[in-house]
Amino acid sequence: MIKQLIKPLLESFLAIVIGVLIGAIVLAFSGYNPIEAYAALVKGAVGSAYGWSMTLSSATPIILTALTFAISARTGIFNIGAEGTVYFGAIAAIIFTNIFANPIIGLIAGMIFGMLWALPAALLKVYRGVHEVISTIMLNWIAFYTALYLVLGPLANPDDPNKTIEVPVSARLPLLMKGSELSLAFIIAIAAAIITYYILWHTVLGYELRASGYNERAARYGGINPKRAIIWSFLLGGIMSGLAGATEVMGRPPSYAISQGMANIYGYGFDGIGVSLVGRNHPIGIIFSGIFFGALKAGATYMQIEAGVPLEMVKVVQGIIVVAVAVPGLWDLVKKVVRK
């Protein structure tokens with residue numbers, strides 16, 4: 001048991017070191033001081049209480065979208081549809097909080113709309129054999145343009161053309177630290193990860209999901225319905241990424257709305273794939289990998305300001321570190337698919 005835990009931890013640590021070293025080489029060849037750049041990144045991410053708050057608030061949505069990918073991966077599905085589901089979770093939260101002005105209603109609406117948006121891909125997979133990568137990519141684009149229409153049209157803020165109507169004050173999630181962006185949303189994300197772990201490893205449904213992921217034929221022979229498992233994996237994943245969209249607009253000041261072009265909710269679904277791979281598709285591992293990714297996001301601003309590294313170079317270094325760290329998890333996933 002201990003050996004099973006230590007091996008992936010050592011692999012992840014080694015991957016981080018390799019990623020950081022490659023990033024340092026790229027920075028040095030580009031004319032920047034890598035020590036100064038990394039010092040600024042660490043200072044911005046964990047060098048102060050505010051830095052920690054930014055790290056944890058940045059980690060919140062990607063922890064939830066990583067759970068979407070992890071649940072599907074455990075079921076043997078490559079679900080990359082969290083991106084579109086985040087949009088509908090955010091849209092639902094704005095609409096329903098403006099009707100009922102209650103945070104619980106907003107969160108539930110986000111989860112329900114996320115679940116409903118995940119359902120078509122599940123049904124296409126189970127009843128028509130459409131590969132989930134194809135269907136979720138198409139659904140992501142449909143979700144993007146539908147949400148963009150709503151943001152620029154029916155939900156546009158008449159007093160501020162840069163964003164949608166806001167979540168009412170009474171429906172916003174309380175801040176955990178005054179003057180920061182860290183809200184109750186982070187606690188909700190941690191709770192969601194723990195609940196996901198409990199479902200996957202301590203319930204009959206979780207056993208069926210994981211058994212279908214290990215070997216579909218063996219699972220069917222054991223009395224498990226793989227089609228049912230696939231549908232549940234999409235629905236649970238939709239709930240998590242719908243929750244990500246809802247918490248992002250209900251618990252992320254100062255706007256409490258969707259910005260024009262959806263810049264404040266765009267990309268979380270794809271970031272979640274990397275977070276899940278780094279966390280080895282395990283809900284508890286995802287908490288730590290999500291915080292790691294959050295630190296990279298929070299520290300990027302300081303790299304620009306204090307070390308003078310341009311945003312493009314910051315993203316290149318981030319990408320190198322992320323790819324290096326995600327490789328072991330991706331390799332495990334590929335081996336599992338090949339064995340099937």
# chains A, B, ... in the order shown; residues from 1 in each chain; ligands from 1
call {"tool": "select_by_dssp", "arguments": {"residues": "stretch 89-317 of chain A", "states": "helix (DSSP H, G or I)", "output": "JSON, numbers by chain"}}
result
{"A": [89, 90, 91, 92, 93, 94, 95, 96, 97, 98, 99, 100, 103, 104, 105, 106, 107, 108, 109, 110, 111, 112, 113, 114, 115, 116, 117, 118, 119, 120, 121, 122, 123, 124, 125, 126, 127, 128, 132, 133, 134, 135, 136, 137, 138, 139, 140, 141, 142, 143, 144, 145, 146, 147, 148, 149, 150, 151, 152, 169, 170, 171, 184, 185, 186, 187, 188, 189, 190, 191, 192, 193, 194, 195, 196, 197, 198, 199, 200, 201, 202, 204, 205, 206, 207, 208, 209, 210, 211, 212, 213, 214, 216, 217, 218, 219, 220, 221, 226, 227, 228, 229, 230, 231, 232, 233, 234, 235, 236, 237, 238, 239, 240, 241, 242, 243, 244, 245, 246, 247, 248, 249, 250, 260, 261, 262, 268, 269, 270, 271, 272, 273, 274, 275, 276, 277, 278, 283, 284, 285, 286, 287, 288, 289, 290, 291, 292, 293, 294, 295, 296, 297, 298, 299, 300, 301, 302, 303, 304, 305, 306, 307, 311, 312, 313, 314, 315, 316, 317]}
call {"tool": "residues_around", "arguments": {"residues": "stretch 172-187 of chain A", "least_positions_apart": "2", "cutoff": "12 Å", "atoms": "only C-alpha atoms", "output": "PyMOL selection string"}}
result
chain A and resi 48-64+93-94+97-98+101-107+166-170+189-194+243-257+287+290-291+294+298
call {"tool": "closest_residue", "arguments": {"among": "A:Thr196, A:Ser72, A:Ser135, A:Ser12", "to": "A:Ala121", "atoms": "only C-alpha atoms"}}
result
A:Ser135
call {"tool": "residues_around", "arguments": {"residues": "stretch 310-312 of chain A", "least_positions_apart": "2", "cutoff": "12 Å", "atoms": "only C-alpha atoms", "output": "PyMOL selection string"}}
result
chain A and resi 27+30-32+37+297+299-308+314-319
call {"tool": "residues_around", "arguments": {"residues": "stretch 210-213 of chain A", "least_positions_apart": "3", "cutoff": "7 Å", "atoms": "only C-alpha atoms", "output": "number ranges by chain"}}
result
A: 74-76, 206-207, 216, 219, 226, 229
call {"tool": "closest_atom_pairs", "arguments": {"of": "stretch 24-123 of chain A", "to": "stretch 259-282 of chain A", "cutoff": "8 Å", "atoms": "only C-alpha atoms", "output": "tab-separated table"}}
result
residue	atom	partner	partner_atom	distance
A:Pro61	CA	A:Tyr268	CA	6.6
A:Ile62	CA	A:Gly272	CA	4.9
A:Ile63	CA	A:Gly272	CA	6.7
A:Leu64	CA	A:Gly272	CA	7.5
A:Thr65	CA	A:Gly272	CA	4.8
A:Ala66	CA	A:Gly272	CA	3.9
A:Leu67	CA	A:Ser276	CA	6.9
A:Thr68	CA	A:Gly272	CA	8.0
A:Phe69	CA	A:Ile273	CA	6.1
A:Ala70	CA	A:Asn281	CA	4.5
A:Ile71	CA	A:Asn281	CA	7.6
A:Ala73	CA	A:Asn281	CA	7.0
A:Arg74	CA	A:Asn281	CA	7.3
A:Ile80	CA	A:Phe270	CA	7.2
A:Gly81	CA	A:Gly269	CA	7.2
A:Ala82	CA	A:Gly269	CA	4.6
A:Glu83	CA	A:Gly269	CA	3.8
A:Gly84	CA	A:Gly269	CA	7.5
A:Val86	CA	A:Gly269	CA	7.0
A:Tyr87	CA	A:Ile265	CA	7.0
call {"tool": "closest_residue", "arguments": {"among": "A:Leu296, A:Leu9, A:Ala40, A:Ile91", "to": "A:Val309", "atoms": "only C-alpha atoms"}}
result
A:Ala40
call {"tool": "closest_residue", "arguments": {"among": "A:Ile258, A:Val133, A:Ala122, A:Val325", "to": "A:Lys163", "atoms": "only C-alpha atoms"}}
result
A:Ile258
call {"tool": "select_by_dssp", "arguments": {"residues": "stretch 156-339 of chain A", "states": "strand (DSSP E)", "output": "PyMOL selection string"}}
result
chain A and resi 156-157+160-164
